[in-house]
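The next block is data08.csv, given as CSV, N, CA and C atoms.
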```
chain,number,residue,atom,x,y,z
A,137,GLN,N,0.9,-1.2,0.0
A,137,GLN,CA,0.0,0.0,0.0
A,137,GLN,C,0.9,1.2,0.0
A,138,VAL,N,0.6,2.1,-0.9
A,138,VAL,CA,1.4,3.3,-1.0
A,138,VAL,C,0.9,4.4,-0.1
A,139,GLN,N,1.9,5.0,0.7
A,139,GLN,CA,1.6,6.1,1.5
A,139,GLN,C,2.5,7.3,1.2
A,140,LEU,N,1.9,8.4,1.1
A,140,LEU,CA,2.7,9.7,0.9
A,140,LEU,C,2.3,10.6,2.1
A,141,VAL,N,3.4,10.9,2.9
A,141,VAL,CA,3.1,11.7,4.1
A,141,VAL,C,3.9,13.1,4.0
A,142,GLU,N,3.1,14.1,3.8
A,142,GLU,CA,3.7,15.5,3.7
A,142,GLU,C,3.8,16.1,5.1
A,143,SER,N,4.9,16.9,5.2
A,143,SER,CA,5.1,17.6,6.5
A,143,SER,C,5.9,18.9,6.2
A,144,GLY,N,6.0,19.8,7.2
A,144,GLY,CA,6.9,20.9,7.1
A,144,GLY,C,6.2,22.2,6.8
A,145,GLY,N,4.9,22.2,6.7
A,145,GLY,CA,4.1,23.4,6.5
A,145,GLY,C,4.1,24.3,7.7
A,146,GLY,N,3.5,25.4,7.6
A,146,GLY,CA,3.4,26.3,8.7
A,146,GLY,C,2.9,27.7,8.2
A,147,SER,N,3.0,28.6,9.2
A,147,SER,CA,2.6,30.0,8.9
A,147,SER,C,3.8,30.9,8.9
A,148,VAL,N,4.0,31.6,7.8
A,148,VAL,CA,5.2,32.5,7.7
A,148,VAL,C,4.8,33.9,7.2
A,149,GLN,N,5.6,34.8,7.4
A,149,GLN,CA,5.4,36.1,6.8
A,149,GLN,C,5.9,36.2,5.4
A,150,PRO,N,5.4,37.1,4.6
A,150,PRO,CA,5.9,37.2,3.2
A,150,PRO,C,7.4,37.4,3.2
A,151,GLY,N,8.1,36.7,2.3
A,151,GLY,CA,9.5,36.8,2.2
A,151,GLY,C,10.2,35.6,3.0
A,152,GLY,N,9.4,34.9,3.8
A,152,GLY,CA,9.9,33.8,4.6
A,152,GLY,C,10.2,32.6,3.8
A,153,SER,N,10.7,31.5,4.5
A,153,SER,CA,11.0,30.3,3.9
A,153,SER,C,10.4,29.1,4.6
A,154,LEU,N,10.2,28.0,3.9
A,154,LEU,CA,9.7,26.8,4.5
A,154,LEU,C,10.3,25.6,3.7
A,155,ARG,N,10.5,24.5,4.3
A,155,ARG,CA,11.0,23.3,3.6
A,155,ARG,C,10.0,22.2,3.9
A,156,LEU,N,9.3,21.8,2.8
A,156,LEU,CA,8.4,20.7,2.9
A,156,LEU,C,9.1,19.4,2.6
A,157,SER,N,8.6,18.3,3.3
A,157,SER,CA,9.0,17.0,3.0
A,157,SER,C,7.9,16.1,2.7
A,158,CYS,N,8.2,15.0,1.9
A,158,CYS,CA,7.2,14.0,1.5
A,158,CYS,C,7.9,12.7,1.6
A,159,ALA,N,7.5,11.9,2.7
A,159,ALA,CA,8.0,10.6,2.9
A,159,ALA,C,7.1,9.6,2.2
A,160,ALA,N,7.7,8.8,1.4
A,160,ALA,CA,7.0,7.8,0.6
A,160,ALA,C,7.2,6.4,1.1
A,161,SER,N,6.2,5.6,1.1
A,161,SER,CA,6.4,4.1,1.4
A,161,SER,C,5.5,3.4,0.5
A,162,GLY,N,5.9,2.1,0.2
A,162,GLY,CA,5.2,1.3,-0.8
A,162,GLY,C,5.5,1.6,-2.2
A,163,MET,N,6.3,2.6,-2.5
A,163,MET,CA,6.7,2.9,-3.8
A,163,MET,C,8.1,3.5,-3.8
A,164,THR,N,8.8,3.6,-4.9
A,164,THR,CA,10.2,4.2,-4.9
A,164,THR,C,10.1,5.5,-5.7
A,165,VAL,N,10.4,6.6,-5.0
A,165,VAL,CA,10.3,7.9,-5.7
A,165,VAL,C,11.3,8.1,-6.8
A,166,ARG,N,12.5,7.4,-6.8
A,166,ARG,CA,13.5,7.7,-7.8
A,166,ARG,C,13.2,7.1,-9.1
A,167,ILE,N,12.2,6.1,-9.2
A,167,ILE,CA,11.9,5.5,-10.5
A,167,ILE,C,10.7,6.1,-11.1
A,168,ARG,N,10.1,7.1,-10.4
A,168,ARG,CA,8.8,7.7,-10.9
A,168,ARG,C,9.1,9.2,-11.2
A,169,GLN,N,8.3,9.7,-12.1
A,169,GLN,CA,8.2,11.2,-12.1
A,169,GLN,C,7.3,11.6,-11.0
A,170,MET,N,7.8,12.4,-10.1
A,170,MET,CA,7.1,12.9,-8.9
A,170,MET,C,6.9,14.4,-8.9
A,171,GLY,N,5.8,14.7,-8.2
A,171,GLY,CA,5.5,16.2,-8.3
A,171,GLY,C,5.0,16.7,-6.9
A,172,TRP,N,5.2,18.0,-6.7
A,172,TRP,CA,4.5,18.7,-5.6
A,172,TRP,C,3.4,19.5,-6.2
A,173,PHE,N,2.2,19.3,-5.6
A,173,PHE,CA,1.0,20.0,-6.0
A,173,PHE,C,0.5,20.9,-4.9
A,174,ARG,N,-0.3,21.8,-5.2
A,174,ARG,CA,-0.9,22.7,-4.2
A,174,ARG,C,-2.3,23.0,-4.6
A,175,GLN,N,-3.1,23.2,-3.6
A,175,GLN,CA,-4.5,23.7,-3.8
A,175,GLN,C,-4.8,24.8,-2.8
A,176,ALA,N,-5.0,25.9,-3.4
A,176,ALA,CA,-5.4,27.1,-2.7
A,176,ALA,C,-7.0,27.1,-2.5
A,177,PRO,N,-7.5,27.8,-1.5
A,177,PRO,CA,-8.9,27.8,-1.3
A,177,PRO,C,-9.7,28.3,-2.5
A,178,GLY,N,-10.6,27.5,-2.9
A,178,GLY,CA,-11.5,27.9,-4.1
A,178,GLY,C,-10.8,27.8,-5.4
A,179,LYS,N,-9.6,27.2,-5.4
A,179,LYS,CA,-8.9,27.0,-6.7
A,179,LYS,C,-8.6,25.6,-7.0
A,180,PRO,N,-8.4,25.2,-8.3
A,180,PRO,CA,-8.1,23.8,-8.6
A,180,PRO,C,-6.7,23.4,-8.2
A,181,LEU,N,-6.5,22.1,-8.1
A,181,LEU,CA,-5.2,21.6,-7.8
A,181,LEU,C,-4.2,22.0,-8.9
A,182,GLU,N,-3.0,22.4,-8.5
A,182,GLU,CA,-2.0,22.9,-9.4
A,182,GLU,C,-0.7,22.2,-9.2
A,183,LEU,N,-0.1,21.7,-10.3
A,183,LEU,CA,1.3,21.1,-10.2
A,183,LEU,C,2.3,22.3,-10.1
A,184,VAL,N,3.1,22.2,-9.0
A,184,VAL,CA,4.0,23.3,-8.7
A,184,VAL,C,5.4,23.0,-9.3
A,185,ALA,N,5.8,21.7,-9.1
A,185,ALA,CA,7.2,21.3,-9.5
A,185,ALA,C,7.1,19.8,-9.7
A,186,SER,N,8.0,19.3,-10.5
A,186,SER,CA,8.1,17.9,-10.8
A,186,SER,C,9.6,17.5,-11.0
A,187,ILE,N,9.9,16.3,-10.7
A,187,ILE,CA,11.2,15.8,-10.9
A,187,ILE,C,11.1,14.4,-11.6
A,188,SER,N,11.9,14.3,-12.7
A,188,SER,CA,11.9,13.0,-13.4
A,188,SER,C,12.7,12.0,-12.8
A,189,SER,N,12.6,10.8,-13.2
A,189,SER,CA,13.5,9.7,-12.7
A,189,SER,C,15.0,10.0,-12.9
A,190,ALA,N,15.2,10.8,-14.0
A,190,ALA,CA,16.6,11.2,-14.3
A,190,ALA,C,17.1,12.4,-13.4
A,191,GLY,N,16.2,13.0,-12.7
A,191,GLY,CA,16.5,14.1,-11.8
A,191,GLY,C,16.3,15.5,-12.4
A,192,LYS,N,15.7,15.5,-13.6
A,192,LYS,CA,15.4,16.8,-14.2
A,192,LYS,C,14.1,17.4,-13.5
A,193,VAL,N,14.3,18.7,-13.1
A,193,VAL,CA,13.2,19.3,-12.3
A,193,VAL,C,12.6,20.4,-13.2
A,194,ASP,N,11.3,20.5,-13.1
A,194,ASP,CA,10.6,21.6,-13.8
A,194,ASP,C,9.7,22.3,-12.8
A,195,TYR,N,9.4,23.6,-13.1
A,195,TYR,CA,8.6,24.4,-12.1
A,195,TYR,C,7.6,25.2,-12.9
A,196,VAL,N,6.5,25.4,-12.3
A,196,VAL,CA,5.5,26.3,-12.8
A,196,VAL,C,6.1,27.7,-12.8
A,197,ASP,N,5.8,28.6,-13.7
A,197,ASP,CA,6.4,29.9,-13.8
A,197,ASP,C,6.3,30.7,-12.5
A,198,SER,N,5.2,30.6,-11.8
A,198,SER,CA,5.0,31.4,-10.6
A,198,SER,C,6.0,31.1,-9.5
A,199,VAL,N,6.7,30.0,-9.5
A,199,VAL,CA,7.6,29.7,-8.4
A,199,VAL,C,9.0,29.6,-8.9
A,200,LYS,N,9.3,29.7,-10.1
A,200,LYS,CA,10.7,29.6,-10.7
A,200,LYS,C,11.6,30.6,-10.0
A,201,GLY,N,12.7,30.2,-9.6
A,201,GLY,CA,13.7,31.0,-8.9
A,201,GLY,C,13.4,31.2,-7.4
A,202,ARG,N,12.3,30.7,-6.9
A,202,ARG,CA,12.0,30.7,-5.5
A,202,ARG,C,11.9,29.4,-4.8
A,203,PHE,N,11.4,28.4,-5.5
A,203,PHE,CA,11.2,27.0,-5.0
A,203,PHE,C,12.3,26.1,-5.6
A,204,THR,N,12.7,25.1,-4.8
A,204,THR,CA,13.6,24.1,-5.3
A,204,THR,C,13.1,22.8,-4.8
A,205,MET,N,12.9,21.9,-5.8
A,205,MET,CA,12.5,20.5,-5.5
A,205,MET,C,13.7,19.6,-5.6
A,206,SER,N,13.8,18.7,-4.6
A,206,SER,CA,14.9,17.7,-4.6
A,206,SER,C,14.4,16.4,-4.1
A,207,ARG,N,15.3,15.4,-4.1
A,207,ARG,CA,14.9,14.0,-3.8
A,207,ARG,C,16.1,13.4,-3.1
A,208,ASP,N,15.8,12.7,-2.0
A,208,ASP,CA,16.8,11.9,-1.3
A,208,ASP,C,16.4,10.4,-1.6
A,209,ASN,N,17.2,9.8,-2.4
A,209,ASN,CA,16.8,8.4,-2.8
A,209,ASN,C,17.0,7.4,-1.6
A,210,ALA,N,18.0,7.7,-0.8
A,210,ALA,CA,18.2,6.8,0.3
A,210,ALA,C,17.1,6.8,1.3
A,211,LYS,N,16.5,8.0,1.5
A,211,LYS,CA,15.4,8.2,2.4
A,211,LYS,C,14.0,8.0,1.7
A,212,ASN,N,14.0,7.9,0.4
A,212,ASN,CA,12.8,7.8,-0.3
A,212,ASN,C,11.9,8.9,0.0
A,213,THR,N,12.4,10.1,0.0
A,213,THR,CA,11.8,11.3,0.4
A,213,THR,C,12.0,12.4,-0.6
A,214,LEU,N,10.9,13.2,-0.8
A,214,LEU,CA,11.0,14.4,-1.7
A,214,LEU,C,11.0,15.6,-0.8
A,215,TYR,N,11.6,16.7,-1.3
A,215,TYR,CA,11.6,18.0,-0.6
A,215,TYR,C,11.2,19.1,-1.5
A,216,LEU,N,10.7,20.1,-0.9
A,216,LEU,CA,10.4,21.4,-1.6
A,216,LEU,C,10.8,22.5,-0.7
A,217,GLN,N,12.0,23.1,-1.1
A,217,GLN,CA,12.5,24.3,-0.4
A,217,GLN,C,11.8,25.5,-1.0
A,218,MET,N,11.1,26.3,-0.2
A,218,MET,CA,10.3,27.4,-0.6
A,218,MET,C,10.9,28.7,0.0
A,219,ASN,N,11.4,29.5,-0.8
A,219,ASN,CA,12.0,30.8,-0.4
A,219,ASN,C,11.2,32.0,-0.9
A,220,SER,N,11.4,33.1,-0.3
A,220,SER,CA,10.7,34.4,-0.8
A,220,SER,C,9.2,34.1,-1.0
A,221,LEU,N,8.6,33.5,0.0
A,221,LEU,CA,7.2,33.2,0.0
A,221,LEU,C,6.3,34.4,-0.2
A,222,LYS,N,5.3,34.2,-0.9
A,222,LYS,CA,4.3,35.3,-1.2
A,222,LYS,C,2.9,34.8,-0.7
A,223,PRO,N,2.0,35.8,-0.4
A,223,PRO,CA,0.7,35.4,0.0
A,223,PRO,C,0.0,34.4,-0.9
A,224,GLU,N,0.3,34.6,-2.2
A,224,GLU,CA,-0.4,33.7,-3.2
A,224,GLU,C,0.1,32.3,-3.2
A,225,ASP,N,1.2,32.0,-2.4
A,225,ASP,CA,1.7,30.6,-2.2
A,225,ASP,C,0.8,29.9,-1.1
A,226,THR,N,0.0,30.6,-0.5
A,226,THR,CA,-0.9,30.0,0.6
A,226,THR,C,-1.7,28.9,-0.1
A,227,ALA,N,-1.6,27.7,0.5
A,227,ALA,CA,-2.3,26.5,-0.1
A,227,ALA,C,-2.0,25.3,0.8
A,228,VAL,N,-2.7,24.2,0.5
A,228,VAL,CA,-2.3,22.9,1.0
A,228,VAL,C,-1.4,22.3,0.0
A,229,TYR,N,-0.3,21.8,0.4
A,229,TYR,CA,0.7,21.2,-0.5
A,229,TYR,C,0.7,19.7,-0.4
A,230,TYR,N,0.7,19.0,-1.5
A,230,TYR,CA,0.7,17.6,-1.6
A,230,TYR,C,1.8,17.1,-2.5
A,231,CYS,N,2.2,15.8,-2.3
A,231,CYS,CA,3.1,15.2,-3.3
A,231,CYS,C,2.4,13.9,-3.9
A,232,ASN,N,2.8,13.6,-5.0
A,232,ASN,CA,2.2,12.4,-5.7
A,232,ASN,C,3.1,12.2,-6.9
A,233,THR,N,2.8,11.1,-7.7
A,233,THR,CA,3.4,11.0,-9.0
A,233,THR,C,2.9,12.1,-9.9
A,234,SER,N,3.6,12.3,-11.0
A,234,SER,CA,3.1,13.3,-11.9
A,234,SER,C,3.0,12.7,-13.3
A,235,PRO,N,1.8,12.5,-13.8
A,235,PRO,CA,0.5,12.8,-13.2
A,235,PRO,C,0.2,11.9,-12.0
A,236,ALA,N,-0.7,12.3,-11.2
A,236,ALA,CA,-1.0,11.6,-9.9
A,236,ALA,C,-1.8,10.3,-10.2
A,237,ILE,N,-1.2,9.2,-9.6
A,237,ILE,CA,-1.9,7.9,-9.8
A,237,ILE,C,-2.2,7.3,-8.4
A,238,TYR,N,-1.7,7.8,-7.3
A,238,TYR,CA,-1.9,7.3,-6.0
A,238,TYR,C,-2.9,8.2,-5.3
A,239,GLY,N,-3.5,7.6,-4.2
A,239,GLY,CA,-4.3,8.4,-3.3
A,239,GLY,C,-3.6,9.5,-2.7
A,240,TRP,N,-4.3,10.6,-2.4
A,240,TRP,CA,-3.6,11.8,-1.8
A,240,TRP,C,-3.4,11.6,-0.3
A,241,GLY,N,-2.3,12.2,0.1
A,241,GLY,CA,-2.0,12.2,1.6
A,241,GLY,C,-2.9,13.3,2.2
A,242,GLN,N,-2.5,13.6,3.4
A,242,GLN,CA,-3.3,14.7,4.1
A,242,GLN,C,-2.8,16.0,3.8
A,243,GLY,N,-1.7,16.1,3.1
A,243,GLY,CA,-1.2,17.4,2.7
A,243,GLY,C,-0.6,18.2,3.9
A,244,THR,N,0.1,19.3,3.6
A,244,THR,CA,0.6,20.1,4.6
A,244,THR,C,0.3,21.6,4.3
A,245,GLN,N,-0.3,22.3,5.3
A,245,GLN,CA,-0.8,23.6,5.1
A,245,GLN,C,0.3,24.7,5.1
A,246,VAL,N,0.3,25.5,4.1
A,246,VAL,CA,1.3,26.7,4.1
A,246,VAL,C,0.4,27.9,4.1
A,247,ILE,N,0.7,28.8,5.0
A,247,ILE,CA,0.0,30.1,5.1
A,247,ILE,C,1.0,31.2,5.1
A,248,VAL,N,0.9,32.1,4.1
A,248,VAL,CA,1.8,33.2,4.0
A,248,VAL,C,1.0,34.5,4.2
A,249,SER,N,1.3,35.1,5.3
A,249,SER,CA,0.5,36.3,5.7
A,249,SER,C,1.2,37.2,6.6
A,250,SER,N,1.0,38.5,6.5
A,250,SER,CA,1.6,39.4,7.4
A,250,SER,C,0.7,39.7,8.6
```
Exercise: express the given structure as structure tokens:
Amino acid sequence: QVQLVESGGGSVQPGGSLRLSCAASGMTVRIRQMGWFRQAPGKPLELVASISSAGKVDYVDSVKGRFTMSRDNAKNTLYLQMNSLKPEDTAVYYCNTSPAIYGWGQGTQVIVSS
């Protein structure tokens, strides 16, 4: 059974930073294209960043230069380093394959507000 457990969210002021983690079990993140997704209130789910099995990372334009996605193969864990956070980054963040094929975890809430 695949489990994806997100953590690391919180409440920060604009310009702040957070590092999200996604611990995977029941599947191997390094052999799949994996993604970080987010859903803001009243908005559809959005793919924020993805990493291929070869390690190539792509970002949605709105986070380029601010977010960095990485992967620790030994820990079977994904990370999303988020810097220079903006109020529009406020959302619940999830990880999954890209495109998503597994059930969604509980997500981790990110709130950016002054």
Which polymer residues have any atom within 8 Å of an atom of range 232-234 of chain A, counting only C-alpha atoms, with same-chain residues fewer than 6 positions away left out, as a count of residues only? 9
Excluding Gly191 in chain A and any residue of its chain fewer than 6 positions from it, enumerate the residues within 10 Å of it, using only C-alpha atoms, and give them as a list in words.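 Result of the neighbour search: Arg166, Ile167, Gln169, Met170, Met205, Ser206 and Arg207 of chain A.
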Spatial neighbours of Asp225 in chain A, max dist 10 Å, only C-alpha atoms, sep filter under 6 positions, as number ranges by chain: A: 150, 174-176, 198-199, 218, 246-249
For the selection you just gave me, I'd like the residues written to a file as an mmCIF file, in the coordinates of the input, keeping N, CA and C atoms.
```cif
data_model
loop_
_atom_site.group_PDB
_atom_site.id
_atom_site.type_symbol
_atom_site.label_atom_id
_atom_site.label_comp_id
_atom_site.auth_asym_id
_atom_site.auth_seq_id
_atom_site.Cartn_x
_atom_site.Cartn_y
_atom_site.Cartn_z
ATOM 1 N N PRO A 150 5.400 37.100 4.600
ATOM 2 C CA PRO A 150 5.900 37.200 3.200
ATOM 3 C C PRO A 150 7.400 37.400 3.200
ATOM 4 N N ARG A 174 -0.300 21.800 -5.200
ATOM 5 C CA ARG A 174 -0.900 22.700 -4.200
ATOM 6 C C ARG A 174 -2.300 23.000 -4.600
ATOM 7 N N GLN A 175 -3.100 23.200 -3.600
ATOM 8 C CA GLN A 175 -4.500 23.700 -3.800
ATOM 9 C C GLN A 175 -4.800 24.800 -2.800
ATOM 10 N N ALA A 176 -5.000 25.900 -3.400
ATOM 11 C CA ALA A 176 -5.400 27.100 -2.700
ATOM 12 C C ALA A 176 -7.000 27.100 -2.500
ATOM 13 N N SER A 198 5.200 30.600 -11.800
ATOM 14 C CA SER A 198 5.000 31.400 -10.600
ATOM 15 C C SER A 198 6.000 31.100 -9.500
ATOM 16 N N VAL A 199 6.700 30.000 -9.500
ATOM 17 C CA VAL A 199 7.600 29.700 -8.400
ATOM 18 C C VAL A 199 9.000 29.600 -8.900
ATOM 19 N N MET A 218 11.100 26.300 -0.200
ATOM 20 C CA MET A 218 10.300 27.400 -0.600
ATOM 21 C C MET A 218 10.900 28.700 0.000
ATOM 22 N N VAL A 246 0.300 25.500 4.100
ATOM 23 C CA VAL A 246 1.300 26.700 4.100
ATOM 24 C C VAL A 246 0.400 27.900 4.100
ATOM 25 N N ILE A 247 0.700 28.800 5.000
ATOM 26 C CA ILE A 247 0.000 30.100 5.100
ATOM 27 C C ILE A 247 1.000 31.200 5.100
ATOM 28 N N VAL A 248 0.900 32.100 4.100
ATOM 29 C CA VAL A 248 1.800 33.200 4.000
ATOM 30 C C VAL A 248 1.000 34.500 4.200
ATOM 31 N N SER A 249 1.300 35.100 5.300
ATOM 32 C CA SER A 249 0.500 36.300 5.700
ATOM 33 C C SER A 249 1.200 37.200 6.600
#
```
Please list, as number ranges by chain, the residues that have an atom at most 12 Å away from (-0.1, 26.5, 3.3) in the coordinates of this file, counting only C-alpha atoms. A: 142-149, 153-156, 173-177, 218, 221-230, 243-249
Suppose you want the space between CA of Pro235 in chain A and CA of Lys211 in chain A; what is it in Å?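 Separation of CA of Pro235 in chain A and CA of Lys211 in chain A: 22.1 Å.
When the distance limit is 12 Å and only C-alpha atoms are what count, the residues near Asp197 in chain A, minus those fewer than 4 positions from it on the same chain, are Glu182, Leu183, Val184, Ala185, Gly201, Arg202 and Phe203 of chain A.
Taking CA of Gly241 in chain A and CA of Gly151 in chain A as the two end points, the separation is 27.2 Å.
Proximity to Asp208 in chain A was assessed for A:Val165, A:Pro180, A:Gln137, A:Tyr238 counting only N, CA and C atoms; the smallest distance is recorded for A:Val165.
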For Cys158 in chain A, which residue out of A:Tyr195, A:Leu214, A:Thr204, A:Ile187 is the nearest one, using only N, CA and C atoms? A:Leu214
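Going from atom C of Lys192 in chain A over to CA of Lys179 in chain A, you cover 25.8 Å.
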